[in-house]
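See below for the structure under consideration.
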Amino acid sequence: MQRTMADRLTNLFPFWLLLIGAIALRWPQIFIGLNQGNLPVLILTLVMLGMGLTLSLDDFQRVSRLPRAVLTGFCAQYLIMPFLGWAIGAALQLPTALAVGLILVGTCPGGTASNLITYIARADVALSVVMTLASTLAAVVMTPLLTQFLAGAYVPVNGWLLFAQTLQVVILPVAIGVALNRWTPRLVRQVLPIAPLLSVVGICLICAATFSANAEAIVQQGRQMLLGVFLLHSLGFALGFGFAKLFGYSQAIARTIAIEVGMQNSGLAIILARQAFPLLPLAAAIGAISGVMHSLVGSFLAVIWRSQAQRQSEAVQPHNSLTM
């Protein structure tokens with residue numbers, strides 16, 4: 001099936017993040033206006049609404065058909081990443097803002113870009129969608145609880161505020177999107193072809209706003225930030241894959257779980273950090289860098305896994321033709 005221009009542009013997600021991040025750091029005045037009022041919150045709300053439009057009630061029912069794999073991925077998501085964020089911050093002795101930012105990224109659910117990376121890697125896209133859905137819905141409870149538990153040693157954490165914010169920018173727009181998909185299917189079908197690209201644009205704008213607001217500080221502390229975020233996501237991918245193989249899953253499912261664990265909803269991390277920790281602006285900057293990093297690492301792994309799957313497929317086909 002021929003890919004549309006929107007599909008091609010969407011698949012360049014890591015490139016757009018790198019490009020807009022570099023522009024925002026070099027010329028922050030271009031995007032500084034995005035930080036006014038609740039504009040970043042509105043953008044993320046629209047991104048999550050777009051995710052909801054891609055879901056139907058059947059997707060929720062599929063959770064019951066894949067209980068073991070979904071549960072394994074769910075446990076890996078909320079065990080590995082939050083404690084990795086805390087451990088890396090402690091091991092590197094990061095400043096409070098950076099440590100809190102890492103923890104917050106770690107406690108967020110899987111990112112919507114994970115579904116795209118799973119598709120490129122030739123892993124299990126259906127499982128990826130269900131896992132993203134499960135971790136996103138659970139985030140309204142898990143993200144505030146884990147952040148309060150792990151980041152409470154650094155700064156006071158208002159768990160109820162985080163709960164309310166997560167409900168506002170995750171659960172409500174996703175629920176509205178699902179309802180629109182159910183009650184206005186014709187309208188949704190017209191929007192769906194460009195929905196992923198609009199989500200990419202939204203995440204890029206949120207990251208650009210954060211980079212522009214903290215450009216000088218990011219440049220000064222960039223080495224520490226990059227190291228912490230790189231370790232968080234690289235180890236997340238590796239431990240997620242190992243966790244799945246420990247339970248005997250196939251390569252395709254193990255890769256899917258690894259991608260879900262390694263890729264976080266960085267846009268949510270940025271918004272929660274901006275609202276819950278306004279005195280720690282670099283906590284939000286960690287989320288912006290995370291969005292670039294996990295996309296790059298995930299894309300790199302996806303290309304490797306895709307080529308491996310293709311070689312395995314080519315190796316099986318001649319054998320099958322001989323035995324027919």
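Here, A, B, ... name the chains of the structure tokens in the order displayed, residue numbers run from 1 inside each chain, and ligands are numbered from 1 in the same displayed order.
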
Using only C-alpha atoms, which residues of stretch 51-150 of chain A come within 6 Å of stretch 276-284 of chain A, and what is the closest atom pair for each, with the distance in Å to one decimal? Give it as JSON lines, sorted by chain and residue number.
```
{"residue": "A:Ala97", "atom": "CA", "partner": "A:Ala283", "partner_atom": "CA", "distance": 4.9}
{"residue": "A:Leu98", "atom": "CA", "partner": "A:Ala283", "partner_atom": "CA", "distance": 5.4}
{"residue": "A:Gly101", "atom": "CA", "partner": "A:Ala283", "partner_atom": "CA", "distance": 3.9}
```

Extract, using only C-alpha atoms, all DNA, RNA and protein residues at most 12 Å from A:Arg189, discarding same-chain residues fewer than 5 positions from it, and format them as a CSV table (one decimal) with N, CA, C and O atoms, in the first residue's frame.
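Heads up, here's the output in part_9.csv:
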```csv
chain,number,residue,atom,x,y,z
A,50,GLY,N,-6.2,13.3,19.8
A,50,GLY,CA,-5.9,12.6,18.6
A,50,GLY,C,-5.7,11.1,18.8
A,50,GLY,O,-6.1,10.3,18.0
A,53,LEU,N,-9.0,9.4,19.2
A,53,LEU,CA,-9.7,9.2,17.9
A,53,LEU,C,-9.3,7.9,17.3
A,53,LEU,O,-10.1,7.4,16.5
A,54,THR,N,-8.1,7.4,17.5
A,54,THR,CA,-7.6,6.2,16.9
A,54,THR,C,-8.1,4.9,17.7
A,54,THR,O,-7.8,3.8,17.2
A,55,LEU,N,-8.8,5.1,18.8
A,55,LEU,CA,-9.2,4.0,19.6
A,55,LEU,C,-10.7,3.8,19.5
A,55,LEU,O,-11.5,4.7,19.3
A,180,LEU,N,-16.1,10.3,20.3
A,180,LEU,CA,-16.2,10.8,18.9
A,180,LEU,C,-16.1,9.7,17.9
A,180,LEU,O,-16.8,9.7,16.9
A,181,ASN,N,-15.1,8.8,18.1
A,181,ASN,CA,-14.9,7.7,17.2
A,181,ASN,C,-16.2,6.8,17.2
A,181,ASN,O,-16.6,6.2,16.1
A,182,ARG,N,-16.9,6.7,18.3
A,182,ARG,CA,-18.1,5.9,18.4
A,182,ARG,C,-19.3,6.5,17.8
A,182,ARG,O,-20.1,5.9,17.1
A,183,TRP,N,-19.4,7.8,18.0
A,183,TRP,CA,-20.7,8.5,17.6
A,183,TRP,C,-20.6,9.3,16.3
A,183,TRP,O,-21.6,9.7,15.7
A,184,THR,N,-19.4,9.7,15.9
A,184,THR,CA,-19.2,10.4,14.7
A,184,THR,C,-18.1,9.8,13.8
A,184,THR,O,-17.1,10.4,13.5
A,194,ILE,N,-4.5,12.3,9.0
A,194,ILE,CA,-3.5,13.4,9.3
A,194,ILE,C,-3.4,13.4,10.9
A,194,ILE,O,-2.5,14.2,11.3
A,195,ALA,N,-4.1,12.7,11.6
A,195,ALA,CA,-4.0,12.7,13.1
A,195,ALA,C,-2.6,12.4,13.6
A,195,ALA,O,-2.1,13.2,14.5
```

Among stretch 68-237 of chain A, which ones does DSSP place in alpha helix (DSSP H), written as a PyMOL selection string?
chain A and resi 68-91+96-107+113-120+125-151+159-166+172-183+185-191+195-213+215-237

With a distance cut-off of 8 Å and only C-alpha atoms, select the neighbouring residues of A:Leu268, excluding the residue or stretch itself and same-chain residues fewer than 6 positions from it, and output the selection as a compact mmCIF listing (two decimals) with C-alpha atoms, in the first residue's frame.
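Done, and the output landed in part.txt:
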```txt
# COMPACT_ATOMS: atom_id res chain seq x y z
CA LEU A 44 -0.99 18.27 24.67
CA CYS A 108 4.84 8.69 32.82
CA THR A 166 -3.11 13.86 34.54
CA VAL A 169 -4.66 16.20 29.90
```

Please tabulate, as a tab-separated table, the residues of stretch 62-127 of chain A that come within 12 Å of stretch 290-301 of chain A, each with its closest pair of atoms and the distance in Å to one decimal, counting only C-alpha atoms and ordering rows by chain, then residue number upward.
```
residue	atom	partner	partner_atom	distance
A:Gly85	CA	A:Ser290	CA	11.6
A:Leu98	CA	A:Ser290	CA	11.7
A:Gly101	CA	A:Ser290	CA	9.7
A:Leu102	CA	A:Ser290	CA	8.7
A:Ile103	CA	A:Ser290	CA	11.6
A:Leu104	CA	A:Ser290	CA	10.9
A:Val105	CA	A:Ser290	CA	7.6
A:Gly106	CA	A:Ser290	CA	9.9
A:Cys108	CA	A:Ser290	CA	11.6
A:Gly110	CA	A:His294	CA	10.9
A:Gly111	CA	A:Gly291	CA	9.1
A:Thr112	CA	A:Ser295	CA	10.9
A:Ala113	CA	A:Ser295	CA	7.6
A:Ser114	CA	A:Gly298	CA	8.0
A:Asn115	CA	A:Gly298	CA	10.8
A:Leu116	CA	A:Ser299	CA	9.3
A:Ile117	CA	A:Ser299	CA	6.2
A:Thr118	CA	A:Gly298	CA	8.8
A:Tyr119	CA	A:Ser299	CA	10.6
A:Ile120	CA	A:Ser299	CA	8.0
A:Ala121	CA	A:Leu301	CA	7.5
A:Arg122	CA	A:Leu301	CA	11.1
A:Ala123	CA	A:Leu301	CA	11.4
```

Selection to disk with all heavy atoms, as a short mmCIF file (atom, residue, chain, number, x, y, z; two decimals), in the first residue's frame:
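Everything below was put into part39.cif:
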```cif
data_model
loop_
_atom_site.label_atom_id
_atom_site.label_comp_id
_atom_site.auth_asym_id
_atom_site.auth_seq_id
_atom_site.Cartn_x
_atom_site.Cartn_y
_atom_site.Cartn_z
N GLY A 85 14.80 6.10 36.74
CA GLY A 85 14.93 7.55 36.86
C GLY A 85 15.50 7.95 38.20
O GLY A 85 16.40 8.80 38.29
N LEU A 98 17.07 18.29 37.75
CA LEU A 98 17.32 17.22 36.78
C LEU A 98 16.87 15.88 37.31
O LEU A 98 16.29 15.06 36.58
CB LEU A 98 18.80 17.17 36.40
CG LEU A 98 19.43 18.47 35.90
CD1 LEU A 98 20.83 18.21 35.33
CD2 LEU A 98 18.55 19.13 34.85
N GLY A 101 13.11 15.76 37.19
CA GLY A 101 12.70 15.61 35.80
C GLY A 101 12.84 14.18 35.30
O GLY A 101 11.94 13.65 34.63
N LEU A 102 13.96 13.53 35.65
CA LEU A 102 14.16 12.13 35.25
C LEU A 102 13.11 11.22 35.87
O LEU A 102 12.57 10.32 35.22
CB LEU A 102 15.56 11.65 35.68
CG LEU A 102 16.73 11.87 34.72
CD1 LEU A 102 17.98 11.23 35.29
CD2 LEU A 102 16.44 11.31 33.34
N ILE A 103 12.84 11.43 37.15
CA ILE A 103 11.84 10.61 37.84
C ILE A 103 10.46 10.79 37.20
O ILE A 103 9.73 9.83 36.96
CB ILE A 103 11.79 10.96 39.34
CG1 ILE A 103 13.08 10.49 40.03
CG2 ILE A 103 10.57 10.34 40.01
CD1 ILE A 103 13.24 10.98 41.46
N LEU A 104 10.12 12.04 36.89
CA LEU A 104 8.81 12.32 36.31
C LEU A 104 8.68 11.68 34.93
O LEU A 104 7.63 11.10 34.60
CB LEU A 104 8.59 13.83 36.22
CG LEU A 104 7.18 14.30 35.83
CD1 LEU A 104 6.12 13.67 36.73
CD2 LEU A 104 7.09 15.81 35.89
N VAL A 105 9.72 11.77 34.12
CA VAL A 105 9.70 11.09 32.81
C VAL A 105 9.50 9.59 33.01
O VAL A 105 8.72 8.94 32.32
CB VAL A 105 11.00 11.36 32.02
CG1 VAL A 105 11.09 10.42 30.81
CG2 VAL A 105 11.06 12.80 31.56
N GLY A 106 10.22 9.02 34.00
CA GLY A 106 10.13 7.59 34.25
C GLY A 106 8.76 7.13 34.72
O GLY A 106 8.35 6.00 34.44
N CYS A 108 5.88 8.46 33.82
CA CYS A 108 4.84 8.69 32.82
C CYS A 108 4.56 7.41 32.03
O CYS A 108 5.39 6.50 31.98
CB CYS A 108 5.27 9.82 31.87
SG CYS A 108 5.05 11.47 32.57
N GLY A 110 3.62 4.98 28.56
CA GLY A 110 4.27 4.84 27.27
C GLY A 110 3.81 5.93 26.31
O GLY A 110 2.68 6.40 26.38
N GLY A 111 4.70 6.32 25.42
CA GLY A 111 4.39 7.39 24.48
C GLY A 111 3.68 6.88 23.24
O GLY A 111 3.84 5.72 22.85
N THR A 112 2.88 7.74 22.62
CA THR A 112 2.16 7.34 21.42
C THR A 112 3.11 7.05 20.26
O THR A 112 2.77 6.27 19.36
CB THR A 112 1.17 8.44 21.00
OG1 THR A 112 1.87 9.69 20.88
CG2 THR A 112 0.09 8.62 22.05
N ALA A 113 4.30 7.65 20.27
CA ALA A 113 5.27 7.37 19.20
C ALA A 113 5.75 5.93 19.24
O ALA A 113 6.29 5.43 18.25
CB ALA A 113 6.46 8.32 19.32
N SER A 114 5.54 5.24 20.37
CA SER A 114 5.97 3.85 20.47
C SER A 114 5.24 2.97 19.46
O SER A 114 5.80 1.98 18.97
CB SER A 114 5.73 3.32 21.89
OG SER A 114 4.35 3.32 22.20
N ASN A 115 3.99 3.32 19.14
CA ASN A 115 3.24 2.53 18.16
C ASN A 115 3.88 2.63 16.77
O ASN A 115 3.97 1.63 16.05
CB ASN A 115 1.79 3.00 18.09
CG ASN A 115 1.11 3.04 19.46
OD1 ASN A 115 0.29 3.90 19.72
ND2 ASN A 115 1.47 2.13 20.35
N LEU A 116 4.35 3.82 16.41
CA LEU A 116 5.04 4.01 15.14
C LEU A 116 6.36 3.25 15.12
O LEU A 116 6.68 2.56 14.14
CB LEU A 116 5.28 5.50 14.90
CG LEU A 116 6.19 5.87 13.73
CD1 LEU A 116 5.58 5.41 12.42
CD2 LEU A 116 6.46 7.37 13.70
N ILE A 117 7.14 3.35 16.19
CA ILE A 117 8.43 2.65 16.26
C ILE A 117 8.22 1.14 16.22
O ILE A 117 9.00 0.41 15.57
CB ILE A 117 9.19 3.06 17.54
CG1 ILE A 117 9.50 4.56 17.51
CG2 ILE A 117 10.48 2.26 17.68
CD1 ILE A 117 10.35 5.02 16.35
N THR A 118 7.17 0.65 16.87
CA THR A 118 6.85 -0.78 16.84
C THR A 118 6.54 -1.23 15.42
O THR A 118 6.96 -2.31 14.98
CB THR A 118 5.65 -1.09 17.76
OG1 THR A 118 5.98 -0.70 19.09
CG2 THR A 118 5.31 -2.57 17.74
N TYR A 119 5.82 -0.41 14.69
CA TYR A 119 5.50 -0.72 13.30
C TYR A 119 6.76 -0.80 12.45
O TYR A 119 6.94 -1.74 11.67
CB TYR A 119 4.55 0.34 12.74
CG TYR A 119 4.32 0.24 11.25
CD1 TYR A 119 3.50 -0.76 10.72
CD2 TYR A 119 4.93 1.13 10.38
CE1 TYR A 119 3.31 -0.85 9.35
CE2 TYR A 119 4.74 1.04 9.02
CZ TYR A 119 3.92 0.05 8.50
OH TYR A 119 3.73 -0.04 7.14
N ILE A 120 7.66 0.16 12.62
CA ILE A 120 8.91 0.16 11.85
C ILE A 120 9.74 -1.07 12.19
O ILE A 120 10.39 -1.67 11.32
CB ILE A 120 9.70 1.45 12.11
CG1 ILE A 120 8.92 2.68 11.61
CG2 ILE A 120 11.07 1.40 11.45
CD1 ILE A 120 9.55 4.00 12.00
N ALA A 121 9.74 -1.47 13.46
CA ALA A 121 10.56 -2.60 13.92
C ALA A 121 9.96 -3.95 13.54
O ALA A 121 10.56 -4.99 13.81
CB ALA A 121 10.73 -2.53 15.43
N ARG A 122 8.78 -3.96 12.93
CA ARG A 122 8.07 -5.20 12.58
C ARG A 122 7.79 -6.04 13.83
O ARG A 122 7.92 -7.26 13.81
CB ARG A 122 8.86 -6.02 11.56
CG ARG A 122 8.89 -5.40 10.17
CD ARG A 122 9.44 -6.36 9.15
NE ARG A 122 9.33 -5.82 7.80
CZ ARG A 122 9.73 -6.45 6.69
NH1 ARG A 122 10.28 -7.66 6.79
NH2 ARG A 122 9.60 -5.90 5.51
N ALA A 123 7.43 -5.36 14.90
CA ALA A 123 7.03 -6.05 16.12
C ALA A 123 5.50 -6.15 16.13
O ALA A 123 4.87 -6.09 15.08
CB ALA A 123 7.57 -5.31 17.34
#
```

For stretch 220-281 of chain A versus stretch 126-149 of chain A, which residues have an atom no more than 8 Å away, and what is each residue's nearest atom pair and distance in Å rounded to one decimal, using only C-alpha atoms, chain-then-number order, as CSV?
```
residue,atom,partner,partner_atom,distance
A:Ile253,CA,A:Leu127,CA,7.8
A:Thr256,CA,A:Ser128,CA,6.1
A:Ile257,CA,A:Ser128,CA,7.5
A:Glu260,CA,A:Ser128,CA,6.8
```

Rank A:Ala254, A:Ala179, A:Ile206, A:Leu172 by their smallest atom-to-atom distance to A:Gly242, using only C-alpha atoms, and report the top residue only.
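Among the listed residues, the smallest separation from A:Gly242 belongs to A:Ala254.
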
Computed interatomic separation between atom CA of A:Leu94 and atom CA of A:Trp27 (Å):
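These atoms are spaced 27.2 Å apart.
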